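Dumped upload-v6.csv below, it's CSV, C-alpha atoms and all ligand atoms:
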chain,number,residue,atom,x,y,z
A,15,MET,CA,125.4,118.0,95.9
A,16,VAL,CA,124.4,121.6,95.5
A,17,PRO,CA,125.4,124.3,98.0
A,18,GLY,CA,122.7,125.3,100.5
A,19,ASN,CA,122.0,126.5,104.0
A,20,VAL,CA,123.5,124.2,106.7
A,21,LEU,CA,122.3,123.6,110.2
A,22,MET,CA,124.4,121.5,112.6
A,23,VAL,CA,122.6,119.7,115.4
A,24,CYS,CA,123.5,118.0,118.6
A,25,LEU,CA,121.8,117.5,122.0
A,26,GLY,CA,122.8,120.6,124.0
A,27,ASN,CA,124.2,122.9,121.3
A,28,ILE,CA,127.1,123.7,123.5
A,29,CYS,CA,129.8,121.1,122.6
A,30,ARG,CA,129.6,119.4,119.2
A,31,SER,CA,127.3,121.5,117.0
A,32,PRO,CA,128.9,124.8,117.9
A,33,LEU,CA,132.2,123.4,116.7
A,34,ALA,CA,130.6,122.1,113.5
A,35,HIS,CA,129.0,125.5,113.1
A,36,GLY,CA,132.2,127.4,113.6
A,37,ILE,CA,134.3,125.0,111.4
A,38,PHE,CA,131.9,125.0,108.5
A,39,GLN,CA,131.4,128.8,108.7
A,40,ASP,CA,135.1,129.2,108.6
A,41,LEU,CA,135.4,127.0,105.5
A,42,VAL,CA,132.5,128.5,103.5
A,43,THR,CA,133.5,131.3,101.2
A,44,ASP,CA,130.0,132.0,99.8
A,45,ARG,CA,128.6,134.6,102.2
A,46,ASN,CA,125.0,133.9,101.0
A,47,ILE,CA,125.2,130.5,102.6
A,48,ILE,CA,123.6,130.5,106.1
A,49,VAL,CA,125.4,128.3,108.7
A,50,ASP,CA,123.8,127.8,112.1
A,51,SER,CA,123.5,125.2,114.9
A,52,ALA,CA,120.9,124.0,117.3
A,53,GLY,CA,120.3,121.4,120.0
A,54,THR,CA,117.4,119.0,120.2
A,55,ALA,CA,117.2,119.8,124.0
A,56,ASN,CA,116.6,123.2,125.6
A,57,TYR,CA,118.8,122.6,128.6
A,58,HIS,CA,121.3,125.3,127.6
A,59,THR,CA,119.3,127.9,125.7
A,60,GLY,CA,121.1,131.2,125.5
A,61,ALA,CA,124.4,129.7,126.8
A,62,ALA,CA,127.8,130.2,125.1
A,63,PRO,CA,129.6,127.1,123.9
A,64,ASP,CA,131.3,124.9,126.5
A,65,PRO,CA,134.8,126.3,127.4
A,66,ARG,CA,136.4,123.1,126.1
A,67,SER,CA,134.8,123.6,122.7
A,68,ARG,CA,135.8,127.3,122.7
A,69,GLU,CA,139.4,126.3,123.6
A,70,ILE,CA,139.9,123.7,120.9
A,71,ALA,CA,138.3,126.0,118.3
A,72,ALA,CA,140.6,128.9,119.4
A,73,GLN,CA,143.6,126.6,119.0
A,74,HIS,CA,142.6,126.2,115.4
A,75,GLY,CA,142.0,130.0,114.9
A,76,ILE,CA,138.2,129.8,115.1
A,77,ASP,CA,136.3,132.0,117.5
A,78,ILE,CA,133.0,130.4,118.5
A,79,SER,CA,132.6,132.5,121.7
A,80,GLN,CA,129.8,134.6,120.3
A,81,GLN,CA,127.5,131.7,119.6
A,82,GLN,CA,124.4,131.2,121.8
A,83,ALA,CA,122.7,127.9,122.2
A,84,ARG,CA,119.1,127.4,120.9
A,85,GLN,CA,116.7,124.6,120.5
A,86,PHE,CA,115.9,123.0,117.1
A,87,VAL,CA,112.5,124.2,115.9
A,88,VAL,CA,110.3,122.7,113.2
A,89,GLU,CA,110.7,125.9,111.1
A,90,ASP,CA,114.4,125.0,110.7
A,91,PHE,CA,113.2,122.6,108.1
A,92,ASP,CA,112.1,125.6,106.0
A,93,GLN,CA,115.3,127.7,106.4
A,94,PHE,CA,117.9,124.9,106.0
A,95,ASP,CA,118.7,122.6,103.1
A,96,TYR,CA,121.1,120.4,105.0
A,97,ILE,CA,120.6,119.4,108.6
A,98,TYR,CA,123.6,117.5,109.9
A,99,VAL,CA,123.1,115.6,113.2
A,100,MET,CA,125.9,114.3,115.4
A,101,ASP,CA,124.5,111.0,116.6
A,102,TYR,CA,121.6,108.6,116.1
A,103,SER,CA,119.7,110.0,119.1
A,104,ASN,CA,119.8,113.5,117.5
A,105,GLN,CA,118.7,112.0,114.3
A,106,GLN,CA,115.7,110.3,115.9
A,107,ASN,CA,114.7,113.5,117.7
A,108,VAL,CA,115.0,115.7,114.6
A,109,LEU,CA,113.2,113.1,112.4
A,110,ARG,CA,110.3,113.0,114.8
A,111,LEU,CA,109.6,116.6,113.9
A,112,ALA,CA,109.8,116.1,110.2
A,113,ARG,CA,106.4,117.0,108.6
A,114,ASN,CA,106.9,115.3,105.2
A,115,ASP,CA,109.4,113.4,103.0
A,116,GLN,CA,111.1,116.6,102.0
A,117,ASP,CA,111.9,117.5,105.6
A,118,HIS,CA,113.0,113.9,106.2
A,119,ALA,CA,115.4,114.0,103.3
A,120,LYS,CA,117.3,117.0,104.7
A,121,VAL,CA,118.5,115.1,107.8
A,122,HIS,CA,121.9,113.4,107.6
A,123,LEU,CA,124.5,112.1,110.0
A,124,LEU,CA,127.5,114.5,109.8
A,125,LEU,CA,129.8,111.5,109.5
A,126,GLY,CA,127.6,109.6,107.1
A,127,ASN,CA,127.6,106.3,108.9
A,128,ALA,CA,129.1,106.9,112.3
A,129,GLU,CA,128.5,109.1,115.3
A,130,VAL,CA,130.3,112.2,116.6
A,131,GLU,CA,130.3,110.9,120.2
A,132,ASP,CA,129.2,113.2,123.0
A,133,PRO,CA,132.4,114.6,124.7
A,134,TYR,CA,130.5,116.4,127.5
A,135,TYR,CA,131.2,114.0,130.3
A,136,GLY,CA,134.8,113.3,129.3
A,137,GLY,CA,138.1,115.3,129.4
A,138,LYS,CA,139.6,117.7,127.0
A,139,GLU,CA,141.1,115.0,124.8
A,140,GLY,CA,137.6,114.1,123.7
A,141,PHE,CA,137.1,117.6,122.3
A,142,ALA,CA,140.2,117.3,120.2
A,143,VAL,CA,139.0,114.0,118.7
A,144,VAL,CA,135.6,115.5,118.0
A,145,PHE,CA,137.2,118.6,116.5
A,146,ASN,CA,139.2,116.5,114.0
A,147,LYS,CA,136.3,114.3,113.0
A,148,ILE,CA,134.0,117.3,112.5
A,149,GLN,CA,136.7,119.2,110.5
A,150,LYS,CA,137.2,116.3,108.2
A,151,ALA,CA,133.5,115.9,107.6
A,152,CYS,CA,133.0,119.6,106.9
A,153,GLN,CA,135.9,119.5,104.4
A,154,GLN,CA,134.3,116.5,102.6
A,155,ILE,CA,130.9,118.3,102.4
A,156,LEU,CA,132.5,121.3,100.7
A,157,GLU,CA,134.4,119.0,98.3
A,158,GLN,CA,131.1,117.4,97.3
A,159,TRP,CA,129.6,120.8,96.7
A,160,LYS,CA,132.2,121.5,94.1
A,161,ASN,CA,131.4,118.3,92.1
A,201,LIG,P1,126.4,118.5,123.0
A,201,LIG,O1,126.9,118.0,124.4
A,201,LIG,O2,125.1,117.8,122.7
A,201,LIG,O3,127.5,118.2,122.1
A,201,LIG,O4,126.2,120.0,123.2
A,201,LIG,C1,126.1,117.9,125.5
A,201,LIG,C2,125.9,119.1,126.3
A,201,LIG,C3,125.2,119.1,127.4
A,201,LIG,C4,124.6,117.9,127.8
A,201,LIG,C5,124.7,116.7,127.1
A,201,LIG,C6,125.5,116.8,125.9
A,201,LIG,N1,123.8,117.9,129.0
A,201,LIG,O5,123.3,116.8,129.4
A,201,LIG,O6,123.6,118.9,129.6
Just give me the structure of the file as structure tokens.
Amino acid sequence: MVPGNVLMVCLGNICRSPLAHGIFQDLVTDRNIIVDSAGTANYHTGAAPDPRSREIAAQHGIDISQQQARQFVVEDFDQFDYIYVMDYSNQQNVLRLARNDQDHAKVHLLLGNAEVEDPYYGGKEGFAVVFNKIQKACQQILEQWKN
């Protein structure tokens, strides 16, 4: 896998993808790589990440408080090389906007063959579980870039 610009995508862009954005950004050393996140829905456009995501990130030394939610747009297929979605529903919603095979091929589940479950309606513990899963996946992607 060659390095490229990465977009992390979930539903609201306030819980999971801001964590993925912050974690991946923190791990990437090449400043030319663009890392961003977006939601398939526009419910929370302009909002900062959920306090529970901000808290678990801060506990790991990552500040995501400056992020602002935005909706995924079709032009994201032009700017990003890798579009990592958190669950199958995100995958369907993003793929629905793909214009061609090239767009289609950019879309991957972050965990490969499993979902990062939506922690929004649960408690804080869910955010810790999600953080760990996302962190591991981000580390694996960077490992693959080196090979
Ligand atoms: P996210 O979590 O997709 O990880 O940001 C959610 C945030 C908000 C809602 C659902 C999921 N919501 O229904 O408002």
Query raised in the report: How far is it from CA of Val143 (chain A) to atom N1 of ligand LIG 201 (chain A), in Å with one decimal?
Result: 18.8 Å
Query raised in the report: Could you tell me, as a ChimeraX atom specification, which residues have any atom at most 12 Å from (133.7, 126.9, 124.8), counting only C-alpha atoms?
Result: /A:27-33,36,61-73,76-83,134,138,141
**Report entry** Residue among A:Cys24, A:Leu125, A:Val42, A:Ile97 lying closest to ligand LIG 201 (chain A), counting all atoms listed in the file
**Finding:**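 Of A:Cys24, A:Leu125, A:Val42, A:Ile97, the one nearest ligand LIG 201 (chain A) is A:Cys24, counting all atoms listed in the file.
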Report task. Compare A:Leu109, A:Val20, A:Ala128, A:Ile47 by their minimum atom-to-atom distance to His35 (chain A), counting only C-alpha atoms, and give me the closest one. Result ->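 With only C-alpha atoms as the atom set, the closest residue is A:Val20.
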Query raised in the report: Near region 111-113 of chain A, within 12 Å and counting all atoms listed in the file, which residues show up once chain neighbours fewer than 6 positions away are dropped, as a PyMOL selection string?
Result: chain A and resi 54+86-92+97+104-105+119-121
Query raised in the report: Please, what distance in Å, to one decimal, runs between CA of Gly60 (chain A) and CA of Leu21 (chain A)?
Result: 17.1 Å
Query raised in the report: Between A:Arg110, A:Leu124, A:Val99, A:Arg45, which has the minimum distance to Gln153 (chain A) (counting all atoms listed in the file)?
Result: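 Once distances to Gln153 (chain A) are computed over all atoms listed in the file, the minimum belongs to A:Leu124.
Candidate residues A:Ala34, A:Leu41, A:Val108, A:Val49 were compared for distance to Phe145 (chain A), and the nearest is A:Ala34, using all atoms listed in the file.
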Go ahead and fit an axis-aligned box to every listed atom of region 24-30 of chain A plus 6 Å each side, and pass me the centre and edge lengths in Å, one decimal, as AutoDock Vina command-line options.
--center_x 125.8 --center_y 120.6 --center_z 121.3 --size_x 20.0 --size_y 18.2 --size_z 17.4
Requested in this report: Provide the CA of Arg84 (chain A) to CA of Trp159 (chain A) distance in Å, to one decimal place.
Outcome: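 Computing it gives 27.2 Å between the two atoms.
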**Report entry** Distance criterion (all atoms listed in the file): nearest to ligand LIG 201 (chain A) out of A:Gly136, A:Leu123, A:Val16, A:Asp115
**Finding:** A:Gly136
Excluding Ala55 (chain A) and its own-chain neighbours fewer than 6 positions away, which residues fall within 7 Å of it when counting only C-alpha atoms? Please give them as a PDB file with C-alpha atoms, in the coordinates of the input.
ATOM      1  CA  LEU A  25     121.800 117.500 122.000  1.00  0.00           C
ATOM      2  CA  GLY A  26     122.800 120.600 124.000  1.00  0.00           C
ATOM      3  CA  GLN A  85     116.700 124.600 120.500  1.00  0.00           C
TER       4      GLN A  85
END
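With distances restricted to only C-alpha atoms, A:Gln154 is the closest residue to Gly126 (chain A) from A:Asn19, A:Asn46, A:Gln154, A:Asn56.
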Requested in this report: Please identify all polymer residues within 8 Å of Gly18 (chain A), counting all atoms listed in the file, omitting same-chain residues fewer than 4 positions from it, and present them as a list in words.
Outcome: Ile47, Ile48, Phe94, Asp95 and Tyr96 of chain A
Query raised in the report: Near Glu131 (chain A), counting only C-alpha atoms, which residues have an atom at most 9 Å away, once you skip same-chain residues fewer than 4 positions from it, shown as a ChimeraX atom specification?
Result: /A:30,100-101,140,144
